[in-house]
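J.: Sharing work09.tsv here; it has TSV, C-alpha atoms.
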chain	number	residue	atom	x	y	z
P	1	MET	CA	297.69	270.09	-32.98
P	2	ALA	CA	296.00	269.67	-36.33
P	3	ALA	CA	292.37	270.74	-36.45
P	4	THR	CA	291.26	267.39	-37.78
P	5	THR	CA	292.24	265.69	-34.56
P	6	THR	CA	290.46	268.12	-32.25
P	7	THR	CA	287.34	269.41	-33.93
P	8	ASP	CA	285.84	266.42	-35.65
P	9	ALA	CA	282.62	265.75	-33.77
P	10	SER	CA	281.38	263.22	-36.32
P	11	PRO	CA	280.27	259.82	-35.05
P	12	LYS	CA	282.47	256.83	-35.78
P	13	TYR	CA	280.77	254.10	-37.83
P	14	ARG	CA	281.61	250.59	-38.91
P	15	ALA	CA	280.19	248.88	-41.93
P	16	PRO	CA	276.63	247.61	-41.36
P	17	THR	CA	276.25	243.87	-41.15
P	18	ASP	CA	272.52	243.56	-41.97
P	19	PHE	CA	270.75	243.58	-45.31
P	20	HIS	CA	270.32	247.38	-45.45
P	21	PRO	CA	273.78	248.77	-46.30
P	22	GLU	CA	272.42	252.27	-46.88
P	23	MET	CA	271.42	252.66	-43.20
P	24	PRO	CA	273.99	253.22	-40.42
P	25	GLU	CA	273.94	250.61	-37.69
P	26	LEU	CA	272.68	251.61	-34.26
P	27	SER	CA	274.07	250.05	-31.13
P	28	VAL	CA	274.04	250.94	-27.47
P	29	SER	CA	276.79	248.67	-26.26
P	30	GLU	CA	279.05	246.74	-28.63
P	31	ASN	CA	279.40	249.53	-31.19
P	32	PRO	CA	279.64	252.75	-29.15
P	33	HIS	CA	278.62	255.93	-30.95
P	34	ASP	CA	281.20	258.75	-30.88
P	35	GLY	CA	283.44	256.56	-28.71
P	36	LEU	CA	280.93	256.31	-25.85
P	37	HIS	CA	278.41	253.76	-24.66
P	38	PHE	CA	274.70	254.45	-24.23
P	39	TRP	CA	274.87	254.56	-20.42
P	40	GLN	CA	277.69	257.11	-20.58
P	41	PHE	CA	275.54	259.50	-22.63
P	42	MET	CA	272.80	259.05	-20.02
P	43	VAL	CA	275.12	259.86	-17.12
P	44	ALA	CA	276.66	262.85	-18.92
P	45	GLY	CA	273.20	264.19	-19.78
P	46	SER	CA	271.91	263.67	-16.25
P	47	ILE	CA	274.83	265.58	-14.73
P	48	ALA	CA	274.49	268.41	-17.25
P	49	GLY	CA	270.74	268.78	-16.82
P	50	SER	CA	270.85	268.73	-13.03
P	51	ILE	CA	273.60	271.36	-12.81
P	52	GLU	CA	271.91	273.55	-15.42
P	53	HIS	CA	268.50	273.67	-13.75
P	54	MET	CA	269.76	273.93	-10.18
P	55	ALA	CA	272.06	276.83	-11.05
P	56	MET	CA	269.38	278.79	-12.91
P	57	PHE	CA	266.39	277.94	-10.72
P	58	PRO	CA	265.88	281.46	-9.25
P	59	VAL	CA	265.48	282.89	-12.76
P	60	ASP	CA	262.99	280.15	-13.60
P	61	THR	CA	260.97	281.13	-10.52
P	62	LEU	CA	260.83	284.74	-11.77
P	63	LYS	CA	259.60	283.56	-15.16
P	64	THR	CA	256.87	281.40	-13.63
P	65	ARG	CA	255.64	284.23	-11.40
P	66	MET	CA	255.43	286.61	-14.35
P	67	GLN	CA	253.63	284.15	-16.62
P	68	ALA	CA	251.13	282.92	-14.05
P	69	ILE	CA	249.89	286.38	-12.96
P	70	VAL	CA	246.19	286.77	-13.67
P	71	GLY	CA	243.68	289.58	-13.53
P	72	SER	CA	240.49	289.66	-11.55
P	73	GLY	CA	237.56	288.23	-13.47
P	74	SER	CA	237.52	289.65	-16.98
P	75	TYR	CA	239.90	292.49	-16.15
P	76	PRO	CA	243.31	292.57	-17.82
P	77	VAL	CA	246.32	291.35	-15.87
P	78	GLN	CA	248.70	293.79	-14.29
P	79	ASN	CA	251.99	293.49	-16.13
P	80	VAL	CA	254.98	292.98	-13.86
P	81	ASN	CA	258.56	293.36	-15.01
P	82	VAL	CA	261.58	291.38	-13.83
P	83	ARG	CA	262.62	293.96	-11.25
P	84	GLN	CA	259.14	294.13	-9.71
P	85	ALA	CA	258.80	290.36	-9.55
P	86	CYS	CA	262.23	290.02	-7.95
P	87	LYS	CA	261.47	292.75	-5.41
P	88	SER	CA	258.12	291.16	-4.52
P	89	ILE	CA	259.70	287.77	-3.81
P	90	MET	CA	262.49	289.24	-1.69
P	91	LYS	CA	260.07	291.39	0.31
P	92	ASN	CA	257.43	288.75	1.00
P	93	GLU	CA	259.40	285.50	1.08
P	94	GLY	CA	263.08	286.28	1.26
P	95	ALA	CA	265.80	284.56	-0.76
P	96	ALA	CA	264.26	281.15	0.00
P	97	GLY	CA	261.27	282.10	-2.16
P	98	PHE	CA	263.43	281.82	-5.27
P	99	TYR	CA	264.14	278.17	-4.50
P	100	ARG	CA	260.66	276.92	-3.63
P	101	GLY	CA	260.05	273.82	-5.76
P	102	ILE	CA	263.72	273.05	-6.39
P	103	GLY	CA	263.20	269.57	-4.94
P	104	ALA	CA	260.79	268.71	-7.75
P	105	MET	CA	263.31	270.04	-10.27
P	106	GLY	CA	266.01	267.87	-8.75
P	107	LEU	CA	263.84	264.76	-9.04
P	108	GLY	CA	262.85	265.44	-12.64
P	109	ALA	CA	265.83	267.10	-14.31
P	110	GLY	CA	268.35	264.28	-13.93
P	111	PRO	CA	266.30	261.41	-15.40
P	112	ALA	CA	264.76	263.65	-18.09
P	113	HIS	CA	268.12	264.90	-19.33
P	114	ALA	CA	269.57	261.40	-19.24
P	115	VAL	CA	266.82	260.41	-21.69
P	116	TYR	CA	267.19	263.67	-23.61
P	117	PHE	CA	270.86	263.43	-24.47
P	118	SER	CA	271.05	259.67	-24.98
P	119	VAL	CA	268.12	259.72	-27.42
P	120	TYR	CA	269.65	262.74	-29.17
P	121	GLU	CA	273.00	261.04	-29.69
P	122	LEU	CA	271.45	257.81	-30.96
P	123	CYS	CA	269.12	259.64	-33.35
P	124	LYS	CA	271.96	261.87	-34.56
P	125	GLN	CA	273.99	258.76	-35.33
P	126	TYR	CA	271.07	257.28	-37.24
P	127	PHE	CA	269.87	260.33	-39.19
P	128	SER	CA	273.21	262.01	-39.99
P	129	ARG	CA	274.39	259.00	-42.03
P	130	GLY	CA	278.01	259.93	-41.61
P	131	ASP	CA	277.60	263.67	-42.26
P	132	PRO	CA	278.53	265.62	-39.09
P	133	ASN	CA	277.31	268.90	-40.65
P	134	ASN	CA	273.76	267.71	-41.35
P	135	SER	CA	271.67	270.39	-39.58
P	136	VAL	CA	268.40	268.66	-40.50
P	137	ALA	CA	269.58	265.51	-38.74
P	138	HIS	CA	270.49	267.54	-35.66
P	139	ALA	CA	267.08	269.22	-35.62
P	140	VAL	CA	265.12	265.98	-36.11
P	141	SER	CA	267.22	264.25	-33.45
P	142	GLY	CA	266.48	267.11	-31.07
P	143	VAL	CA	262.74	266.76	-31.64
P	144	CYS	CA	262.86	263.01	-30.96
P	145	ALA	CA	264.87	263.65	-27.80
P	146	THR	CA	262.43	266.21	-26.42
P	147	VAL	CA	259.32	264.09	-27.04
P	148	ALA	CA	260.91	261.29	-25.00
P	149	SER	CA	262.30	263.47	-22.21
P	150	ASP	CA	259.11	265.53	-21.79
P	151	ALA	CA	257.19	262.36	-20.97
P	152	VAL	CA	259.58	261.89	-18.04
P	153	PHE	CA	259.82	265.52	-16.89
P	154	THR	CA	256.30	266.96	-17.32
P	155	PRO	CA	254.79	265.58	-14.06
P	156	MET	CA	257.61	267.04	-11.95
P	157	ASP	CA	257.44	270.27	-13.94
P	158	VAL	CA	253.79	270.62	-12.93
P	159	VAL	CA	254.73	270.14	-9.28
P	160	LYS	CA	257.65	272.53	-9.59
P	161	GLN	CA	255.59	275.35	-11.09
P	162	ARG	CA	252.76	274.99	-8.59
P	163	LEU	CA	255.25	275.25	-5.75
P	164	GLN	CA	256.83	278.33	-7.35
P	165	LEU	CA	253.57	280.30	-7.29
P	166	LYS	CA	253.08	283.13	-4.83
P	167	SER	CA	251.17	281.87	-1.76
P	168	SER	CA	251.33	278.30	-3.05
P	169	PRO	CA	248.92	276.13	-1.00
P	170	TYR	CA	251.26	273.13	-1.07
P	171	LYS	CA	253.68	272.28	1.74
P	172	GLY	CA	256.20	270.55	-0.49
P	173	VAL	CA	256.74	268.05	-3.29
P	174	VAL	CA	255.06	265.09	-1.60
P	175	ASP	CA	252.08	267.15	-0.47
P	176	CYS	CA	251.63	268.62	-3.95
P	177	VAL	CA	251.77	265.21	-5.64
P	178	ARG	CA	249.31	263.73	-3.16
P	179	ARG	CA	246.79	266.57	-3.40
P	180	VAL	CA	246.90	266.78	-7.18
P	181	LEU	CA	246.29	263.02	-7.42
P	182	VAL	CA	243.38	263.14	-4.97
P	183	GLU	CA	241.75	266.38	-6.15
P	184	GLU	CA	242.43	266.35	-9.90
P	185	GLY	CA	243.59	262.87	-10.86
P	186	ILE	CA	246.73	261.67	-12.60
P	187	GLY	CA	245.68	263.42	-15.82
P	188	ALA	CA	246.49	266.78	-14.23
P	189	PHE	CA	250.19	265.91	-14.37
P	190	TYR	CA	249.96	265.59	-18.15
P	191	ALA	CA	247.42	268.34	-18.93
P	192	SER	CA	250.22	270.38	-20.48
P	193	TYR	CA	252.13	267.52	-22.13
P	194	LYS	CA	250.82	268.20	-25.62
P	195	THR	CA	251.59	271.89	-25.28
P	196	THR	CA	255.01	271.10	-23.83
P	197	VAL	CA	255.88	268.87	-26.78
P	198	VAL	CA	254.51	271.38	-29.30
P	199	MET	CA	256.64	274.05	-27.62
P	200	ASN	CA	259.78	272.01	-27.07
P	201	ALA	CA	259.83	270.41	-30.50
P	202	PRO	CA	260.55	273.72	-32.31
P	203	PHE	CA	262.58	274.90	-29.31
P	204	THR	CA	264.83	271.86	-29.49
P	205	ALA	CA	265.02	271.93	-33.29
P	206	VAL	CA	266.18	275.56	-33.21
P	207	HIS	CA	268.41	274.90	-30.22
P	208	PHE	CA	270.31	271.90	-31.57
P	209	ALA	CA	270.60	273.21	-35.12
P	210	THR	CA	271.86	276.59	-33.84
P	211	TYR	CA	274.22	274.94	-31.37
P	212	GLU	CA	275.83	272.65	-33.93
P	213	ALA	CA	276.08	275.46	-36.52
P	214	ALA	CA	277.49	277.97	-34.00
P	215	LYS	CA	279.97	275.43	-32.65
P	216	ARG	CA	281.13	274.59	-36.16
P	217	GLY	CA	281.42	278.27	-37.06
P	218	LEU	CA	283.41	279.12	-33.93
P	219	ILE	CA	285.80	276.25	-34.56
P	220	GLU	CA	286.33	277.31	-38.17
P	221	VAL	CA	287.22	280.85	-37.06
P	222	SER	CA	290.19	279.57	-35.06
P	223	PRO	CA	290.83	275.89	-35.80
P	224	ASP	CA	294.36	275.90	-34.39
P	225	THR	CA	293.19	276.90	-30.91
P	226	ALA	CA	289.92	274.97	-30.92
P	227	ASP	CA	291.24	272.31	-28.55
P	228	ASP	CA	292.48	274.86	-25.99
P	229	GLU	CA	289.23	276.84	-26.18
P	230	ARG	CA	286.85	273.88	-26.32
P	231	LEU	CA	284.94	274.88	-23.17
P	232	VAL	CA	284.49	278.46	-24.43
P	233	VAL	CA	283.24	277.21	-27.79
P	234	HIS	CA	280.63	274.91	-26.24
P	235	ALA	CA	279.48	277.57	-23.77
P	236	THR	CA	279.21	280.32	-26.41
P	237	ALA	CA	277.40	278.13	-28.92
P	238	GLY	CA	275.07	276.85	-26.22
P	239	ALA	CA	274.24	280.35	-25.00
P	240	ALA	CA	273.41	281.57	-28.51
P	241	ALA	CA	271.23	278.53	-29.16
P	242	GLY	CA	269.42	278.81	-25.84
P	243	ALA	CA	268.63	282.52	-26.19
P	244	LEU	CA	267.27	282.24	-29.73
P	245	ALA	CA	265.16	279.16	-29.04
P	246	ALA	CA	263.75	280.69	-25.83
P	247	ILE	CA	262.52	283.88	-27.49
P	248	VAL	CA	260.92	282.07	-30.43
P	249	THR	CA	258.90	279.71	-28.22
P	250	THR	CA	257.85	282.04	-25.37
P	251	PRO	CA	254.14	282.19	-26.38
P	252	LEU	CA	253.82	278.42	-26.05
P	253	ASP	CA	255.67	278.52	-22.74
P	254	VAL	CA	253.07	280.99	-21.43
P	255	VAL	CA	250.32	278.56	-22.48
P	256	LYS	CA	252.15	275.69	-20.76
P	257	THR	CA	252.52	277.63	-17.51
P	258	GLN	CA	248.82	278.61	-17.55
P	259	LEU	CA	247.77	274.98	-18.03
P	260	GLN	CA	250.07	273.64	-15.32
P	261	CYS	CA	249.02	276.23	-12.76
P	262	GLN	CA	245.31	276.42	-13.60
P	263	GLY	CA	243.01	276.65	-10.63
P	264	VAL	CA	245.86	277.36	-8.19
P	265	CYS	CA	246.45	280.71	-6.45
P	266	GLY	CA	243.83	282.47	-8.54
P	267	CYS	CA	245.06	281.25	-11.93
P	268	ASP	CA	242.35	280.72	-14.52
P	269	ARG	CA	240.94	277.23	-14.99
P	270	PHE	CA	240.35	276.29	-18.61
P	271	SER	CA	237.44	274.25	-19.93
P	272	SER	CA	239.72	272.82	-22.60
P	273	SER	CA	243.45	272.19	-22.57
P	274	SER	CA	243.77	272.87	-26.29
P	275	ILE	CA	246.47	275.35	-27.20
P	276	GLY	CA	244.11	277.42	-29.34
P	277	ASN	CA	241.60	277.80	-26.53
P	278	VAL	CA	244.21	278.97	-24.02
P	279	ILE	CA	245.77	281.39	-26.49
P	280	LYS	CA	242.33	282.84	-27.27
P	281	ILE	CA	241.63	283.47	-23.57
P	282	ILE	CA	245.04	285.01	-22.94
P	283	VAL	CA	244.73	287.35	-25.93
P	284	LYS	CA	241.20	288.35	-24.94
P	285	LYS	CA	242.25	289.14	-21.41
P	286	ASP	CA	245.73	290.58	-21.89
P	287	GLY	CA	246.19	291.26	-25.61
P	288	TYR	CA	248.85	289.69	-27.80
P	289	HIS	CA	251.64	291.01	-25.58
P	290	GLY	CA	250.29	288.64	-22.91
P	291	LEU	CA	251.76	285.77	-24.93
P	292	MET	CA	255.23	287.22	-24.40
P	293	ARG	CA	255.00	287.57	-20.63
P	294	GLY	CA	258.23	286.44	-19.01
P	295	TRP	CA	260.28	286.42	-22.21
P	296	ILE	CA	263.16	288.32	-20.59
P	297	PRO	CA	263.70	285.92	-17.65
P	298	ARG	CA	263.07	283.02	-20.03
P	299	MET	CA	265.88	284.25	-22.27
P	300	LEU	CA	268.06	285.06	-19.25
P	301	PHE	CA	267.43	281.50	-18.05
P	302	HIS	CA	268.05	279.60	-21.25
P	303	ALA	CA	271.14	281.45	-22.52
P	304	PRO	CA	273.38	280.73	-19.50
P	305	ALA	CA	271.54	277.47	-18.77
P	306	ALA	CA	272.35	276.15	-22.23
P	307	ALA	CA	275.94	277.31	-21.88
P	308	ILE	CA	276.21	275.49	-18.53
P	309	CYS	CA	274.43	272.41	-19.85
P	310	TRP	CA	276.44	272.00	-23.05
P	311	SER	CA	279.83	272.74	-21.49
P	312	THR	CA	279.08	270.32	-18.62
P	313	TYR	CA	277.80	267.69	-21.05
P	314	GLU	CA	280.85	267.94	-23.30
P	315	ALA	CA	283.18	267.93	-20.27
P	316	SER	CA	281.47	264.78	-19.01
P	317	LYS	CA	281.86	263.20	-22.44
P	318	ASP	CA	285.57	264.09	-22.43
P	319	PHE	CA	285.91	262.37	-19.07
P	320	PHE	CA	284.32	259.20	-20.42
P	321	HIS	CA	286.48	259.36	-23.57
P	322	ARG	CA	289.58	259.35	-21.38
P	323	LEU	CA	288.08	256.60	-19.24
P	324	ASN	CA	287.50	254.52	-22.39
P	325	GLY	CA	291.00	255.21	-23.67
P	326	ASN	CA	289.85	257.58	-26.48
P	327	PRO	CA	291.51	260.89	-25.49
P	328	ASP	CA	291.45	262.29	-29.04
P	329	ASN	CA	287.66	262.05	-29.58
Reformat the file's structure so that it appears as structure tokens.

T.:
Amino acid sequence: MAATTTTDASPKYRAPTDFHPEMPELSVSENPHDGLHFWQFMVAGSIAGSIEHMAMFPVDTLKTRMQAIVGSGSYPVQNVNVRQACKSIMKNEGAAGFYRGIGAMGLGAGPAHAVYFSVYELCKQYFSRGDPNNSVAHAVSGVCATVASDAVFTPMDVVKQRLQLKSSPYKGVVDCVRRVLVEEGIGAFYASYKTTVVMNAPFTAVHFATYEAAKRGLIEVSPDTADDERLVVHATAGAAAGALAAIVTTPLDVVKTQLQCQGVCGCDRFSSSSIGNVIKIIVKKDGYHGLMRGWIPRMLFHAPAAAICWSTYEASKDFFHRLNGNPDN
């Protein structure tokens, strides 16, 4: 099969009908982008996000435990590696300890990823202006997608991380939500939102730009077999994008974890939720290497997670293409 019929990921446009011919027309129903309707992107994204986070949840628990460890008073923290953290969980809590808080993840991941991917596809249609190789458009679209999805996911992420902590005082999702509302107010659910956006904006920009570039490069290496190896291409490109983006943004992820877990299980409570203030305290207490705590499980999470997410997302899109009668998209 010719490469042009299997590898072209560019959105399909029709001529604009308004008074701004230089701008591509956006539509969520009558003029489907890339052969799919808005709701289909939402469903595909929701499925992909849920599978990704559920599959990789134990690794996420390891990362949270490593990043939330604190010292006593002004003393430095005791650094714990992946093996030690894993051994501690197995010894004290058993295998179930790796999955504490997965209910909160299940409630947040689906809706957040539905927003994430649908906003990404619509923004990519708008900003690419017919150029499927526009990396800037991919990056900007990724940033817009993460700002929207983080507003949906951050409250459940707070609950999830508090439940993941060693000796967490909460009985479950409902108990955690209730106690946080009563004891700290609704603002506690969004104390880390600014940090999350500041972290995920560059994360997503690097992620999407790397994914699109890697996917394009892999297809160009072997265009004749691209259709047969589509799943491998998406998984490989997604893994590369996830690993790179995870490493680059680890310091901000440490700040986010500290803010979301503050005051719980001995974690420091901060007088200000500003990123600079938290970074200053972490560096003072643990040195600059404290900002990279948990980078290994974070990378080990995001590389396969991105591979799972992208391959599932693209497979879901393929299903909807066939459902819509567009098998060649």

J.: I'd like a table as JSON lines: residues in segment 245-294 of chain P with an atom no more than 9 Å from segment 202-208 of chain P, each row giving the shortest atom pair and its distance in Å to one decimal, only C-alpha atoms counted, sorted by chain and rising residue number.

T.:
{"residue": "P:Ala245", "atom": "CA", "partner": "P:Phe203", "partner_atom": "CA", "distance": 5.0}
{"residue": "P:Ala246", "atom": "CA", "partner": "P:Phe203", "partner_atom": "CA", "distance": 6.9}
{"residue": "P:Val248", "atom": "CA", "partner": "P:Phe203", "partner_atom": "CA", "distance": 7.4}
{"residue": "P:Thr249", "atom": "CA", "partner": "P:Phe203", "partner_atom": "CA", "distance": 6.2}

J.: Give the answer as one residue: which of P:Ala139, P:Ala213, P:Leu252, P:Ile247 has the shortest atom-to-atom distance to Phe301 of chain P, using only C-alpha atoms?

T.: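 The shortest atom-to-atom distance to Phe301 of chain P comes from P:Ile247.
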
J.: Calculate how many Å separate atom CA of Ala151 of chain P from atom CA of Ala191 of chain P, rounding to one decimal.

T.: 11.6 Å

J.: What gap, in Å, lies between atom CA of Pro58 of chain P and atom CA of Gly266 of chain P?

T.: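 The value is 22.1 Å.
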
J.: From the list P:Gly242, P:Gly94, P:Pro251, P:Gly101, which residue is nearest Asp60 of chain P when using all atoms listed in the file?

T.: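 Residue with the minimum atom-to-atom distance to Asp60 of chain P: P:Gly101.
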
J.: May I ask for the distance between atom CA of Cys265 of chain P and atom CA of Lys194 of chain P, given in Å to one decimal place?

T.: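 Atom CA of Cys265 of chain P sits 23.3 Å away from atom CA of Lys194 of chain P.
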
J.: Write out as an MDAnalysis selection string the residues lying within 12 Å of Asp175 of chain P, counting all atoms listed in the file and excluding same-chain residues fewer than 6 positions away.

T.: chainID P and resid 101 104 159:160 162:163 168:169 181:183

J.: Next, the residues of the selection above should be written as a compact mmCIF listing (two decimals), keeping the file's coordinate frame with C-alpha atoms.

T.:
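Once everything was written out, this is selection_6.txt:
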# COMPACT_ATOMS: atom_id res chain seq x y z
CA GLY P 101 260.05 273.82 -5.76
CA ALA P 104 260.79 268.71 -7.75
CA VAL P 159 254.73 270.14 -9.28
CA LYS P 160 257.65 272.53 -9.59
CA ARG P 162 252.76 274.99 -8.59
CA LEU P 163 255.25 275.25 -5.75
CA SER P 168 251.33 278.30 -3.05
CA PRO P 169 248.92 276.13 -1.00
CA LEU P 181 246.29 263.02 -7.42
CA VAL P 182 243.38 263.14 -4.97
CA GLU P 183 241.75 266.38 -6.15

J.: Considering all atoms listed in the file, state which residue in the set P:Ala68, P:Gly110, P:Gly238, P:Thr210 is at the smallest distance from Met292 of chain P.

T.: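 Residue with the minimum atom-to-atom distance to Met292 of chain P: P:Ala68.
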
J.: What would the list of residues within 8 Å of (270.8, 253.6, -21.4) (file frame) look like as number ranges by chain, if only C-alpha atoms are what count?

T.: P: 28, 38-42, 115, 118

J.: Between P:Met156, P:Ile279, P:Ala239, P:Ala188, single out the one closest to Leu107 of chain P, counting only C-alpha atoms.

T.: P:Met156

J.: Between P:Cys267, P:Ala303, P:Cys261, P:Val43, which one has atoms that come closest to Val158 of chain P, using only C-alpha atoms?

T.: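 When distances to Val158 of chain P are compared using only C-alpha atoms, the smallest one comes from P:Cys261.
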
J.: Using all atoms listed in the file, can you tell me which of P:Ser128, P:Asn133, P:Thr250, P:Ser273 comes closest to Ser192 of chain P?

T.: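 When distances to Ser192 of chain P are compared using all atoms listed in the file, the smallest one comes from P:Ser273.
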
J.: Give me the residues within 7 Å of His113 of chain P as a short mmCIF file (atom, residue, chain, number, x, y, z; two decimals) with C-alpha atoms, keeping the file's coordinate frame, counting all atoms listed in the file and dropping any in the same chain fewer than 6 places off.

T.:
data_model
loop_
_atom_site.label_atom_id
_atom_site.label_comp_id
_atom_site.auth_asym_id
_atom_site.auth_seq_id
_atom_site.Cartn_x
_atom_site.Cartn_y
_atom_site.Cartn_z
CA GLY P 45 273.20 264.19 -19.78
CA SER P 46 271.91 263.67 -16.25
CA GLY P 49 270.74 268.78 -16.82
CA SER P 149 262.30 263.47 -22.21
#

J.: Extract, using all atoms listed in the file, all DNA, RNA and protein residues at most 9 Å from Gly103 of chain P, discarding same-chain residues fewer than 3 positions from it, and format them as a PyMOL selection string.

T.: chain P and resi 99-100+106-108+160+172-173

J.: Extract segment 305-312 of chain P from the structure I just pasted (atoms: all heavy atoms) and return it as an mmCIF file, in the first residue's frame.

T.:
data_model
loop_
_atom_site.group_PDB
_atom_site.id
_atom_site.type_symbol
_atom_site.label_atom_id
_atom_site.label_comp_id
_atom_site.auth_asym_id
_atom_site.auth_seq_id
_atom_site.Cartn_x
_atom_site.Cartn_y
_atom_site.Cartn_z
ATOM 1 N N ALA P 305 3.812 4.312 30.091
ATOM 2 C CA ALA P 305 2.457 4.878 30.172
ATOM 3 C C ALA P 305 2.108 5.609 28.887
ATOM 4 O O ALA P 305 0.987 5.489 28.370
ATOM 5 C CB ALA P 305 2.360 5.827 31.367
ATOM 6 N N ALA P 306 3.051 6.384 28.384
ATOM 7 C CA ALA P 306 2.809 7.115 27.133
ATOM 8 C C ALA P 306 2.651 6.152 25.971
ATOM 9 O O ALA P 306 1.822 6.375 25.075
ATOM 10 C CB ALA P 306 3.961 8.084 26.863
ATOM 11 N N ALA P 307 3.450 5.082 25.981
ATOM 12 C CA ALA P 307 3.330 4.081 24.924
ATOM 13 C C ALA P 307 1.945 3.438 24.958
ATOM 14 O O ALA P 307 1.286 3.277 23.922
ATOM 15 C CB ALA P 307 4.406 3.007 25.090
ATOM 16 N N ILE P 308 1.485 3.082 26.172
ATOM 17 C CA ILE P 308 0.157 2.491 26.331
ATOM 18 C C ILE P 308 -0.926 3.475 25.925
ATOM 19 O O ILE P 308 -1.866 3.141 25.197
ATOM 20 C CB ILE P 308 -0.067 2.057 27.802
ATOM 21 C CG1 ILE P 308 0.866 0.900 28.158
ATOM 22 C CG2 ILE P 308 -1.525 1.662 28.033
ATOM 23 C CD1 ILE P 308 0.890 0.586 29.643
ATOM 24 N N CYS P 309 -0.769 4.721 26.384
ATOM 25 C CA CYS P 309 -1.783 5.745 26.132
ATOM 26 C C CYS P 309 -1.928 6.041 24.644
ATOM 27 O O CYS P 309 -3.031 6.030 24.094
ATOM 28 C CB CYS P 309 -1.412 7.022 26.893
ATOM 29 S SG CYS P 309 -2.666 8.317 26.818
ATOM 30 N N TRP P 310 -0.809 6.305 23.976
ATOM 31 C CA TRP P 310 -0.867 6.665 22.558
ATOM 32 C C TRP P 310 -1.335 5.504 21.685
ATOM 33 O O TRP P 310 -2.139 5.700 20.761
ATOM 34 C CB TRP P 310 0.486 7.170 22.079
ATOM 35 C CG TRP P 310 0.720 8.609 22.402
ATOM 36 C CD1 TRP P 310 1.606 9.130 23.294
ATOM 37 C CD2 TRP P 310 0.042 9.740 21.832
ATOM 38 N NE1 TRP P 310 1.514 10.503 23.329
ATOM 39 C CE2 TRP P 310 0.570 10.903 22.437
ATOM 40 C CE3 TRP P 310 -0.969 9.881 20.882
ATOM 41 C CZ2 TRP P 310 0.128 12.176 22.110
ATOM 42 C CZ3 TRP P 310 -1.412 11.160 20.555
ATOM 43 C CH2 TRP P 310 -0.861 12.286 21.175
ATOM 44 N N SER P 311 -0.840 4.293 21.955
ATOM 45 C CA SER P 311 -1.253 3.158 21.136
ATOM 46 C C SER P 311 -2.739 2.864 21.346
ATOM 47 O O SER P 311 -3.457 2.556 20.386
ATOM 48 C CB SER P 311 -0.397 1.920 21.457
ATOM 49 O OG SER P 311 -0.442 1.616 22.834
ATOM 50 N N THR P 312 -3.224 2.990 22.599
ATOM 51 C CA THR P 312 -4.644 2.784 22.878
ATOM 52 C C THR P 312 -5.488 3.877 22.234
ATOM 53 O O THR P 312 -6.551 3.608 21.655
ATOM 54 C CB THR P 312 -4.907 2.770 24.400
ATOM 55 O OG1 THR P 312 -4.101 1.766 25.015
ATOM 56 C CG2 THR P 312 -6.372 2.489 24.690
#
